[in-house]
>>> print(open('entry_38.csv').read())   # CSV, C-alpha atoms
chain,number,residue,atom,x,y,z
A,400,MET,CA,45.9,100.3,-58.2
A,401,LYS,CA,49.1,102.2,-58.1
A,402,TYR,CA,52.1,102.3,-60.4
A,403,VAL,CA,55.1,102.6,-58.2
A,404,PRO,CA,58.9,102.9,-58.7
A,405,ASP,CA,60.7,99.6,-58.7
A,406,ALA,CA,62.3,99.2,-55.3
A,407,THR,CA,65.4,97.7,-57.0
A,408,ALA,CA,65.8,100.7,-59.3
A,409,ASP,CA,67.8,103.9,-58.6
A,410,ARG,CA,64.9,105.9,-57.2
A,411,ARG,CA,65.3,109.7,-57.2
A,412,PHE,CA,63.5,113.0,-56.9
A,413,GLU,CA,62.6,115.4,-59.7
A,414,GLN,CA,63.9,119.0,-59.4
A,415,ASP,CA,60.7,120.0,-57.5
A,416,PHE,CA,61.4,117.1,-55.0
A,417,THR,CA,58.5,115.0,-56.2
A,418,VAL,CA,59.3,111.3,-56.9
A,419,ASP,CA,60.5,110.6,-60.4
A,420,ARG,CA,57.9,108.3,-61.9
A,421,VAL,CA,58.7,108.8,-65.5
A,422,GLU,CA,62.4,108.1,-66.1
A,423,ILE,CA,62.8,105.2,-63.8
A,424,ASP,CA,61.4,101.7,-64.0
A,425,GLY,CA,58.1,101.0,-62.3
A,426,LEU,CA,55.5,98.3,-61.8
A,427,LEU,CA,52.1,97.5,-60.2
A,428,SER,CA,52.4,97.9,-56.5
A,429,GLU,CA,52.7,94.4,-55.0
A,430,LEU,CA,50.2,95.2,-52.3
A,431,ASP,CA,47.6,96.1,-54.9
A,432,GLU,CA,48.0,92.7,-56.6
A,433,TYR,CA,46.2,91.3,-53.6
A,434,ALA,CA,43.3,93.6,-54.4
A,435,VAL,CA,43.2,92.3,-57.9
A,436,GLU,CA,43.3,88.8,-56.7
A,437,GLN,CA,40.3,89.3,-54.3
A,438,ALA,CA,38.3,90.8,-57.1
A,439,LEU,CA,39.0,87.9,-59.4
A,440,GLN,CA,38.2,85.3,-56.7
A,441,LEU,CA,34.9,87.1,-56.1
A,442,LYS,CA,34.1,86.8,-59.8
A,443,GLU,CA,35.1,83.1,-59.9
A,444,LYS,CA,32.9,82.3,-56.9
A,445,ARG,CA,29.8,83.9,-58.6
A,446,PRO,CA,30.0,83.0,-62.3
A,447,ASP,CA,26.3,83.6,-62.8
A,448,ASP,CA,26.3,87.2,-61.6
A,449,GLU,CA,28.0,88.7,-64.7
A,450,ILE,CA,30.6,90.4,-62.6
A,451,GLU,CA,33.0,92.7,-64.4
A,452,VAL,CA,36.4,93.5,-62.9
A,453,THR,CA,37.8,96.9,-63.9
A,454,ALA,CA,41.4,97.8,-63.1
A,455,LEU,CA,41.8,101.6,-62.4
A,456,THR,CA,45.0,103.5,-62.0
A,457,VAL,CA,46.1,107.2,-62.0
A,458,GLY,CA,49.6,108.0,-63.1
A,459,PRO,CA,52.0,108.9,-66.0
A,460,GLU,CA,51.9,107.1,-69.4
A,461,LYS,CA,54.1,104.3,-68.1
A,462,ALA,CA,51.4,103.5,-65.5
A,463,LEU,CA,49.7,101.6,-68.3
A,464,ASP,CA,52.1,98.7,-67.3
A,465,ALA,CA,50.2,98.4,-64.0
A,466,VAL,CA,46.9,98.2,-65.8
A,467,ARG,CA,48.2,95.6,-68.3
A,468,LYS,CA,49.5,93.5,-65.4
A,469,ALA,CA,46.0,93.4,-63.9
A,470,LEU,CA,44.4,92.5,-67.3
A,471,GLN,CA,46.9,89.7,-67.6
A,472,MET,CA,46.0,88.4,-64.2
A,473,GLY,CA,42.3,88.3,-65.3
A,474,ALA,CA,40.7,91.7,-65.0
A,475,ASP,CA,38.1,92.4,-67.7
A,476,LYS,CA,38.7,96.1,-68.4
A,477,GLY,CA,41.4,98.7,-67.8
A,478,VAL,CA,41.0,102.4,-67.1
A,479,HIS,CA,44.0,104.8,-66.9
A,480,VAL,CA,43.6,108.4,-65.8
A,481,VAL,CA,46.6,110.4,-67.1
A,482,ASP,CA,47.1,114.2,-67.1
A,483,ASP,CA,50.2,116.3,-66.6
A,484,ALA,CA,48.4,118.4,-64.0
A,485,ILE,CA,48.1,115.3,-61.6
A,486,ALA,CA,51.9,115.1,-61.0
A,487,GLY,CA,52.8,115.9,-57.4
A,488,SER,CA,49.3,115.3,-56.0
A,489,ASP,CA,49.0,114.3,-52.4
A,490,TYR,CA,46.5,111.8,-50.9
A,491,LEU,CA,43.7,114.3,-51.1
A,492,GLY,CA,44.3,115.0,-54.8
A,493,THR,CA,44.8,111.4,-55.6
A,494,SER,CA,41.6,110.2,-53.9
A,495,LEU,CA,39.6,113.0,-55.6
A,496,VAL,CA,40.8,111.8,-59.1
A,497,LEU,CA,40.1,108.2,-58.2
A,498,ALA,CA,36.6,109.0,-56.8
A,499,LYS,CA,35.6,111.0,-59.8
A,500,ALA,CA,36.8,108.3,-62.2
A,501,ILE,CA,34.8,105.7,-60.2
A,502,GLU,CA,31.7,107.9,-60.4
A,503,LYS,CA,32.1,108.2,-64.1
A,504,LEU,CA,32.4,104.4,-64.4
A,505,GLY,CA,29.4,104.0,-62.1
A,506,ALA,CA,27.3,106.2,-64.4
A,507,GLU,CA,27.9,103.6,-67.2
A,508,LYS,CA,27.5,100.5,-65.0
A,509,PRO,CA,26.8,100.4,-61.2
A,510,VAL,CA,29.9,99.9,-59.1
A,511,ASP,CA,29.2,97.5,-56.3
A,512,LEU,CA,32.6,97.1,-54.8
A,513,VAL,CA,35.8,99.2,-54.8
A,514,ILE,CA,38.8,97.0,-53.8
A,515,THR,CA,42.2,98.5,-52.9
A,516,GLY,CA,45.4,97.3,-51.4
A,517,MET,CA,46.2,98.1,-47.8
A,518,ALA,CA,48.8,100.7,-48.8
A,519,SER,CA,51.2,101.5,-51.7
A,520,THR,CA,54.7,100.1,-51.5
A,521,ASP,CA,56.3,103.5,-52.1
A,522,ALA,CA,54.4,105.9,-49.8
A,523,SER,CA,52.7,103.4,-47.4
A,524,GLY,CA,50.1,105.9,-46.4
A,525,SER,CA,47.1,103.5,-46.1
A,526,VAL,CA,44.7,106.5,-46.2
A,527,VAL,CA,43.5,106.6,-49.8
A,528,PRO,CA,40.9,103.8,-49.2
A,529,VAL,CA,39.2,105.7,-46.4
A,530,MET,CA,39.3,108.9,-48.3
A,531,LEU,CA,37.7,107.2,-51.3
A,532,ALA,CA,34.9,105.9,-49.1
A,533,GLU,CA,34.3,109.4,-47.8
A,534,ARG,CA,34.2,111.0,-51.2
A,535,LEU,CA,32.0,108.3,-52.6
A,536,ASN,CA,29.7,108.3,-49.5
A,537,LEU,CA,30.1,104.6,-49.1
A,538,PRO,CA,30.7,102.4,-46.1
A,539,GLN,CA,34.2,101.0,-45.7
A,540,VAL,CA,35.7,97.7,-44.4
A,541,THR,CA,39.5,98.0,-44.3
A,542,LEU,CA,42.7,96.0,-43.8
A,543,ALA,CA,41.0,92.6,-44.4
A,544,SER,CA,43.1,89.5,-44.0
A,545,VAL,CA,40.0,87.3,-44.9
A,546,VAL,CA,37.1,88.3,-47.2
A,547,GLU,CA,33.8,86.4,-47.3
A,548,THR,CA,30.8,87.4,-49.4
A,549,GLN,CA,27.2,86.3,-49.6
A,550,GLY,CA,24.9,88.1,-52.0
A,551,ASP,CA,25.5,91.8,-51.3
A,552,GLN,CA,26.9,91.1,-47.8
A,553,VAL,CA,30.7,91.4,-47.2
A,554,ARG,CA,32.3,90.1,-44.0
A,555,ILE,CA,36.0,90.5,-43.3
A,556,LYS,CA,38.5,89.5,-40.6
A,557,ARG,CA,40.9,92.2,-39.5
A,558,ASP,CA,44.0,91.3,-37.4
A,559,THR,CA,45.3,94.0,-35.1
A,560,ASP,CA,48.0,94.0,-32.4
A,561,ALA,CA,45.4,93.6,-29.7
A,562,ALA,CA,42.7,91.5,-31.2
A,563,THR,CA,41.1,90.0,-34.3
A,564,GLU,CA,38.0,91.8,-35.4
A,565,VAL,CA,35.1,90.6,-37.7
A,566,VAL,CA,33.4,93.4,-39.6
A,567,GLY,CA,30.5,93.3,-42.0
A,568,ALA,CA,28.8,95.7,-44.4
A,569,THR,CA,26.4,95.8,-47.3
A,570,MET,CA,27.5,96.6,-50.9
A,571,PRO,CA,28.2,99.0,-52.4
A,572,LEU,CA,31.3,99.7,-50.3
A,573,VAL,CA,35.0,100.2,-50.3
A,574,LEU,CA,37.2,97.3,-49.2
A,575,SER,CA,41.0,97.3,-48.6
A,576,VAL,CA,42.9,94.0,-48.2
A,577,THR,CA,46.2,93.1,-46.7
A,578,ASP,CA,49.0,90.8,-48.0
A,579,GLN,CA,47.5,88.1,-45.8
A,580,SER,CA,44.3,87.9,-47.8
A,581,GLY,CA,45.6,85.3,-50.3
A,582,GLU,CA,48.6,84.9,-52.7
A,583,ALA,CA,48.2,86.8,-55.9
A,584,ARG,CA,48.2,84.7,-59.0
A,585,TYR,CA,50.9,85.0,-61.7
A,586,PRO,CA,49.7,85.8,-65.3
A,587,SER,CA,49.5,82.8,-67.4
A,588,PHE,CA,50.6,82.7,-71.1
A,589,LYS,CA,46.9,82.5,-72.0
A,590,GLY,CA,46.1,85.5,-69.8
A,591,ILE,CA,49.0,87.5,-71.3
A,592,MET,CA,47.7,86.9,-74.8
A,593,ALA,CA,44.0,87.5,-73.9
A,594,ALA,CA,44.9,90.9,-72.2
A,595,LYS,CA,45.9,92.3,-75.6
A,596,LYS,CA,42.3,92.2,-76.7
A,597,LYS,CA,40.7,93.6,-73.6
A,598,PRO,CA,39.3,97.1,-73.5
A,599,LEU,CA,41.6,99.8,-72.2
A,600,GLU,CA,40.2,103.3,-71.7
A,601,THR,CA,42.3,106.5,-71.1
A,602,LEU,CA,40.8,109.4,-69.3
A,603,SER,CA,41.9,113.0,-68.7
A,604,LEU,CA,41.0,115.3,-65.8
A,605,SER,CA,38.4,117.0,-68.0
A,606,ASP,CA,36.8,113.6,-68.8
A,607,ILE,CA,36.1,113.0,-65.2
A,608,GLY,CA,35.2,116.6,-64.3
A,609,VAL,CA,38.2,117.6,-62.2
A,610,ASP,CA,39.7,121.1,-62.4
A,611,ALA,CA,43.5,121.1,-62.8
A,612,GLY,CA,43.7,123.5,-59.9
A,613,GLN,CA,42.3,120.9,-57.5
A,614,VAL,CA,45.3,118.5,-57.9
A,615,GLY,CA,49.0,118.6,-58.5
A,616,LEU,CA,51.8,119.9,-56.3
A,617,GLU,CA,50.4,123.4,-56.0
A,618,ALA,CA,47.2,122.1,-54.5
A,619,ALA,CA,48.9,119.6,-52.2
A,620,TYR,CA,48.8,120.3,-48.4
A,621,THR,CA,52.4,119.1,-48.0
A,622,ALA,CA,55.5,119.3,-50.0
A,623,VAL,CA,59.2,118.3,-49.7
A,624,GLU,CA,61.4,121.4,-49.5
A,625,ASP,CA,64.8,119.7,-49.6
A,626,ALA,CA,66.4,116.3,-49.9
A,627,THR,CA,69.9,114.9,-49.5
A,628,ALA,CA,71.2,111.9,-51.4
A,629,ARG,CA,72.0,108.9,-49.3
A,630,PRO,CA,75.8,108.8,-48.6
A,631,PRO,CA,77.8,105.9,-50.1
A,632,ARG,CA,78.4,103.0,-47.8
A,633,THR,CA,81.7,102.9,-46.0
A,634,ALA,CA,83.7,100.0,-44.7
A,635,GLY,CA,82.5,98.6,-41.4
A,636,GLU,CA,84.5,98.3,-38.2
A,637,ILE,CA,85.9,94.9,-37.4
A,638,VAL,CA,86.0,93.9,-33.7
A,639,LYS,CA,88.7,91.3,-33.0
A,640,ASP,CA,88.9,89.2,-29.9
A,641,GLU,CA,92.6,88.4,-29.9
A,642,ASP,CA,93.1,89.2,-26.2
A,643,GLY,CA,89.7,88.4,-24.8
A,644,SER,CA,88.4,92.0,-25.0
A,645,GLY,CA,86.2,91.4,-28.0
A,646,ALA,CA,83.0,91.4,-25.9
A,647,GLN,CA,83.8,94.6,-24.2
A,648,ALA,CA,84.8,96.3,-27.5
A,649,LEU,CA,81.6,95.1,-29.1
A,650,GLY,CA,79.5,96.4,-26.2
A,651,ASP,CA,81.3,99.8,-26.3
A,652,PHE,CA,80.7,100.1,-30.0
A,653,LEU,CA,76.9,99.3,-29.7
A,654,ALA,CA,76.6,101.7,-26.8
A,655,SER,CA,78.3,104.5,-28.8
A,656,LYS,CA,75.8,104.1,-31.6
A,657,LYS,CA,73.0,104.0,-29.0
A,658,PHE,CA,71.9,100.5,-30.0
A,659,ILE,CA,72.0,99.4,-26.4
>>> encode(input="entry_38.csv", output="structure tokens")
Amino acid sequence: MKYVPDATADRRFEQDFTVDRVEIDGLLSELDEYAVEQALQLKEKRPDDEIEVTALTVGPEKALDAVRKALQMGADKGVHVVDDAIAGSDYLGTSLVLAKAIEKLGAEKPVDLVITGMASTDASGSVVPVMLAERLNLPQVTLASVVETQGDQVRIKRDTDAATEVVGATMPLVLSVTDQSGEARYPSFKGIMAAKKKPLETLSLSDIGVDAGQVGLEAAYTAVEDATARPPRTAGEIVKDEDGSGAQALGDFLASKKFI
């Protein structure tokens, strides 16, 4: 899961042109809520399998809010990887940290299924799930709008512009789900209270065996070199139709802006 800046907040860059994720309000990425929901549904459908749902995130200290939200929804355990050296990481760095954290968790208890959202609501890259699968050497089934499981078999429906595909694979695997996979539940009062007693583990880069030189802005393959603040909104132009020329004036205006 990813902790992202609140879209309604005054989002801005740091001096190094990385997104400010510390001083502004953030929350659990809405698209990742669908991943939490699918994990919880899987657990509810198989109550005899002793399934444990672990919510994992990488981010600053405030990213704990994203983990707590997942625990309130019903996840059993939370894991937060936090380290100053991670700031400014690109997709490659982020996927490395996540993969190493998952491998550490897998050493304690086998990980059968890694579920992610289709993308984050801030960057919208959609590439971390496939990078995770590559790093973990696992099969991947991505962009699922419908998820079905039977034993260790997973079958999904993926809707594309040209067709609807049905894809299947055997656990362990990496699965990403879309916002069409099922409405995410709201935390109940009981869930909010129960979350306070659930285990929450904090890990650093050294805990998961990642060298600080492998992540962060200096290790990123891309970087923002400059940014300009969005200009303030100005008053719009009003087209009047007092003499019957309104249609022509509107057409000229749209053409001048290359809208038509």
>>> closest_residue(input="entry_38.csv", among="A:Leu426, A:Ala474, A:Ala406, A:Leu439", to="Leu599 (chain A)", atoms="all atoms listed in the file")
A:Ala474
>>> residues_around(input="entry_38.csv", residues="Glu451 (chain A)", least_positions_apart="5", cutoff="8 Å", atoms="all atoms listed in the file", output="number ranges by chain")
A: 442, 474-476
>>> atom_distance(input="entry_38.csv", atom1="CA of Glu582 (chain A)", atom2="CA of Leu430 (chain A)")
10.4 Å
>>> residues_around(input="entry_38.csv", residues="region 624-635 of chain A", least_positions_apart="6", cutoff="9 Å", atoms="only C-alpha atoms", output="PyMOL selection string")
chain A and resi 411-412+415-416
>>> closest_residue(input="entry_38.csv", among="A:Ala434, A:Ala561, A:Ile607, A:Val638", to="Arg584 (chain A)", atoms="only C-alpha atoms")
A:Ala434
>>> residues_around(input="entry_38.csv", residues="Asp551 (chain A)", least_positions_apart="3", cutoff="10 Å", atoms="all atoms listed in the file", output="ChimeraX atom specification")
/A:511-512,548,568-572
>>> atom_distance(input="entry_38.csv", atom1="CA of Ala486 (chain A)", atom2="CA of Val609 (chain A)")
14.0 Å
>>> atom_distance(input="entry_38.csv", atom1="CA of Thr417 (chain A)", atom2="CA of Leu616 (chain A)")
8.3 Å
>>> residues_near_point(input="entry_38.csv", point="(30.9, 90.9, -62.6)", cutoff="10 Å", atoms="all atoms listed in the file", output="compact mmCIF listing (two decimals) with C-alpha atoms, keeping the file's coordinate frame")
# COMPACT_ATOMS: atom_id res chain seq x y z
CA ALA A 438 38.30 90.80 -57.10
CA LEU A 439 39.00 87.90 -59.40
CA LEU A 441 34.90 87.10 -56.10
CA LYS A 442 34.10 86.80 -59.80
CA GLU A 443 35.10 83.10 -59.90
CA ARG A 445 29.80 83.90 -58.60
CA PRO A 446 30.00 83.00 -62.30
CA ASP A 447 26.30 83.60 -62.80
CA ASP A 448 26.30 87.20 -61.60
CA GLU A 449 28.00 88.70 -64.70
CA ILE A 450 30.60 90.40 -62.60
CA GLU A 451 33.00 92.70 -64.40
CA VAL A 452 36.40 93.50 -62.90
CA THR A 453 37.80 96.90 -63.90
CA ASP A 475 38.10 92.40 -67.70
CA VAL A 510 29.90 99.90 -59.10
CA ASP A 511 29.20 97.50 -56.30
>>> residues_around(input="entry_38.csv", residues="Ser580 (chain A)", least_positions_apart="3", cutoff="8 Å", atoms="only C-alpha atoms", output="VMD selection string")
chain A and resid 433 437 543 to 546 576 to 577
>>> write_last_selection(input="entry_38.csv", atoms="C-alpha atoms", output="PDB file, in the frame of the given file")
ATOM      1  CA  TYR A 433      46.200  91.300 -53.600  1.00  0.00           C
ATOM      2  CA  GLN A 437      40.300  89.300 -54.300  1.00  0.00           C
ATOM      3  CA  ALA A 543      41.000  92.600 -44.400  1.00  0.00           C
ATOM      4  CA  SER A 544      43.100  89.500 -44.000  1.00  0.00           C
ATOM      5  CA  VAL A 545      40.000  87.300 -44.900  1.00  0.00           C
ATOM      6  CA  VAL A 546      37.100  88.300 -47.200  1.00  0.00           C
ATOM      7  CA  VAL A 576      42.900  94.000 -48.200  1.00  0.00           C
ATOM      8  CA  THR A 577      46.200  93.100 -46.700  1.00  0.00           C
TER       9      THR A 577
END
>>> closest_residue(input="entry_38.csv", among="A:Leu504, A:Ala593, A:Val553, A:Met472", to="Val565 (chain A)", atoms="all atoms listed in the file")
A:Val553
>>> closest_residue(input="entry_38.csv", among="A:Ser575, A:Pro538, A:Lys595, A:Ser494", to="Lys556 (chain A)", atoms="all atoms listed in the file")
A:Ser575
>>> residues_around(input="entry_38.csv", residues="Tyr585 (chain A)", least_positions_apart="4", cutoff="10 Å", atoms="all atoms listed in the file", output="count of residues only")
8
>>> closest_residue(input="entry_38.csv", among="A:Lys499, A:Lys401, A:Lys657, A:Arg467", to="Glu600 (chain A)", atoms="only C-alpha atoms")
A:Arg467
>>> build_atoms(input="entry_38.csv", residues="region 438-469 of chain A", atoms="N, CA and C atoms", output="PDB file, in the frame of the given file")
ATOM      1  N   ALA A 438      39.325  90.513 -56.164  1.00  0.00           N
ATOM      2  CA  ALA A 438      38.300  90.800 -57.100  1.00  0.00           C
ATOM      3  C   ALA A 438      38.056  89.625 -58.071  1.00  0.00           C
ATOM      4  N   LEU A 439      39.145  89.010 -58.509  1.00  0.00           N
ATOM      5  CA  LEU A 439      39.000  87.900 -59.400  1.00  0.00           C
ATOM      6  C   LEU A 439      38.421  86.655 -58.708  1.00  0.00           C
ATOM      7  N   GLN A 440      38.778  86.457 -57.435  1.00  0.00           N
ATOM      8  CA  GLN A 440      38.200  85.300 -56.700  1.00  0.00           C
ATOM      9  C   GLN A 440      36.683  85.536 -56.521  1.00  0.00           C
ATOM     10  N   LEU A 441      36.273  86.770 -56.263  1.00  0.00           N
ATOM     11  CA  LEU A 441      34.900  87.100 -56.100  1.00  0.00           C
ATOM     12  C   LEU A 441      34.111  86.736 -57.411  1.00  0.00           C
ATOM     13  N   LYS A 442      34.699  87.099 -58.530  1.00  0.00           N
ATOM     14  CA  LYS A 442      34.100  86.800 -59.800  1.00  0.00           C
ATOM     15  C   LYS A 442      33.982  85.307 -60.055  1.00  0.00           C
ATOM     16  N   GLU A 443      35.035  84.580 -59.714  1.00  0.00           N
ATOM     17  CA  GLU A 443      35.100  83.100 -59.900  1.00  0.00           C
ATOM     18  C   GLU A 443      34.066  82.399 -59.044  1.00  0.00           C
ATOM     19  N   LYS A 444      33.811  82.922 -57.852  1.00  0.00           N
ATOM     20  CA  LYS A 444      32.900  82.300 -56.900  1.00  0.00           C
ATOM     21  C   LYS A 444      31.415  82.535 -57.340  1.00  0.00           C
ATOM     22  N   ARG A 445      31.195  83.558 -58.170  1.00  0.00           N
ATOM     23  CA  ARG A 445      29.800  83.900 -58.600  1.00  0.00           C
ATOM     24  C   ARG A 445      29.737  84.041 -60.086  1.00  0.00           C
ATOM     25  N   PRO A 446      29.941  82.939 -60.797  1.00  0.00           N
ATOM     26  CA  PRO A 446      30.000  83.000 -62.300  1.00  0.00           C
ATOM     27  C   PRO A 446      28.691  83.392 -62.926  1.00  0.00           C
ATOM     28  N   ASP A 447      27.580  83.264 -62.227  1.00  0.00           N
ATOM     29  CA  ASP A 447      26.300  83.600 -62.800  1.00  0.00           C
ATOM     30  C   ASP A 447      25.887  85.053 -62.650  1.00  0.00           C
ATOM     31  N   ASP A 448      26.710  85.827 -61.945  1.00  0.00           N
ATOM     32  CA  ASP A 448      26.300  87.200 -61.600  1.00  0.00           C
ATOM     33  C   ASP A 448      26.838  88.227 -62.653  1.00  0.00           C
ATOM     34  N   GLU A 449      27.528  87.776 -63.692  1.00  0.00           N
ATOM     35  CA  GLU A 449      28.000  88.700 -64.700  1.00  0.00           C
ATOM     36  C   GLU A 449      28.882  89.793 -64.129  1.00  0.00           C
ATOM     37  N   ILE A 450      29.775  89.428 -63.242  1.00  0.00           N
ATOM     38  CA  ILE A 450      30.600  90.400 -62.600  1.00  0.00           C
ATOM     39  C   ILE A 450      31.730  90.858 -63.559  1.00  0.00           C
ATOM     40  N   GLU A 451      31.967  92.159 -63.626  1.00  0.00           N
ATOM     41  CA  GLU A 451      33.000  92.700 -64.400  1.00  0.00           C
ATOM     42  C   GLU A 451      34.073  93.355 -63.516  1.00  0.00           C
ATOM     43  N   VAL A 452      35.321  92.964 -63.674  1.00  0.00           N
ATOM     44  CA  VAL A 452      36.400  93.500 -62.900  1.00  0.00           C
ATOM     45  C   VAL A 452      37.138  94.558 -63.695  1.00  0.00           C
ATOM     46  N   THR A 453      37.135  95.783 -63.189  1.00  0.00           N
ATOM     47  CA  THR A 453      37.800  96.900 -63.900  1.00  0.00           C
ATOM     48  C   THR A 453      39.018  97.323 -63.077  1.00  0.00           C
ATOM     49  N   ALA A 454      40.162  97.388 -63.741  1.00  0.00           N
ATOM     50  CA  ALA A 454      41.400  97.800 -63.100  1.00  0.00           C
ATOM     51  C   ALA A 454      41.599  99.304 -63.384  1.00  0.00           C
ATOM     52  N   LEU A 455      41.666 100.110 -62.322  1.00  0.00           N
ATOM     53  CA  LEU A 455      41.800 101.600 -62.400  1.00  0.00           C
ATOM     54  C   LEU A 455      43.056 102.059 -61.821  1.00  0.00           C
ATOM     55  N   THR A 456      43.764 102.922 -62.549  1.00  0.00           N
ATOM     56  CA  THR A 456      45.000 103.500 -62.000  1.00  0.00           C
ATOM     57  C   THR A 456      45.063 104.979 -62.423  1.00  0.00           C
ATOM     58  N   VAL A 457      45.824 105.748 -61.653  1.00  0.00           N
ATOM     59  CA  VAL A 457      46.100 107.200 -62.000  1.00  0.00           C
ATOM     60  C   VAL A 457      47.642 107.281 -61.991  1.00  0.00           C
ATOM     61  N   GLY A 458      48.166 107.863 -63.060  1.00  0.00           N
ATOM     62  CA  GLY A 458      49.600 108.000 -63.100  1.00  0.00           C
ATOM     63  C   GLY A 458      50.091 108.399 -64.503  1.00  0.00           C
ATOM     64  N   PRO A 459      51.410 108.479 -64.684  1.00  0.00           N
ATOM     65  CA  PRO A 459      52.000 108.900 -66.000  1.00  0.00           C
ATOM     66  C   PRO A 459      51.706 107.779 -67.037  1.00  0.00           C
ATOM     67  N   GLU A 460      52.171 108.033 -68.254  1.00  0.00           N
ATOM     68  CA  GLU A 460      51.900 107.100 -69.400  1.00  0.00           C
ATOM     69  C   GLU A 460      52.375 105.694 -69.043  1.00  0.00           C
ATOM     70  N   LYS A 461      53.520 105.583 -68.369  1.00  0.00           N
ATOM     71  CA  LYS A 461      54.100 104.300 -68.100  1.00  0.00           C
ATOM     72  C   LYS A 461      53.219 103.489 -67.073  1.00  0.00           C
ATOM     73  N   ALA A 462      52.266 104.168 -66.403  1.00  0.00           N
ATOM     74  CA  ALA A 462      51.400 103.500 -65.500  1.00  0.00           C
ATOM     75  C   ALA A 462      50.480 102.473 -66.188  1.00  0.00           C
ATOM     76  N   LEU A 463      50.422 102.556 -67.510  1.00  0.00           N
ATOM     77  CA  LEU A 463      49.700 101.600 -68.300  1.00  0.00           C
ATOM     78  C   LEU A 463      50.206 100.147 -67.999  1.00  0.00           C
ATOM     79  N   ASP A 464      51.490 100.056 -67.645  1.00  0.00           N
ATOM     80  CA  ASP A 464      52.100  98.700 -67.300  1.00  0.00           C
ATOM     81  C   ASP A 464      51.341  98.086 -66.166  1.00  0.00           C
ATOM     82  N   ALA A 465      50.923  98.899 -65.182  1.00  0.00           N
ATOM     83  CA  ALA A 465      50.200  98.400 -64.000  1.00  0.00           C
ATOM     84  C   ALA A 465      48.837  97.843 -64.445  1.00  0.00           C
ATOM     85  N   VAL A 466      48.166  98.591 -65.332  1.00  0.00           N
ATOM     86  CA  VAL A 466      46.900  98.200 -65.800  1.00  0.00           C
ATOM     87  C   VAL A 466      46.993  96.859 -66.614  1.00  0.00           C
ATOM     88  N   ARG A 467      47.998  96.797 -67.460  1.00  0.00           N
ATOM     89  CA  ARG A 467      48.200  95.600 -68.300  1.00  0.00           C
ATOM     90  C   ARG A 467      48.463  94.376 -67.402  1.00  0.00           C
ATOM     91  N   LYS A 468      49.207  94.569 -66.307  1.00  0.00           N
ATOM     92  CA  LYS A 468      49.500  93.500 -65.400  1.00  0.00           C
ATOM     93  C   LYS A 468      48.146  92.926 -64.827  1.00  0.00           C
ATOM     94  N   ALA A 469      47.254  93.817 -64.432  1.00  0.00           N
ATOM     95  CA  ALA A 469      46.000  93.400 -63.900  1.00  0.00           C
ATOM     96  C   ALA A 469      45.123  92.692 -64.950  1.00  0.00           C
TER      97      ALA A 469
END
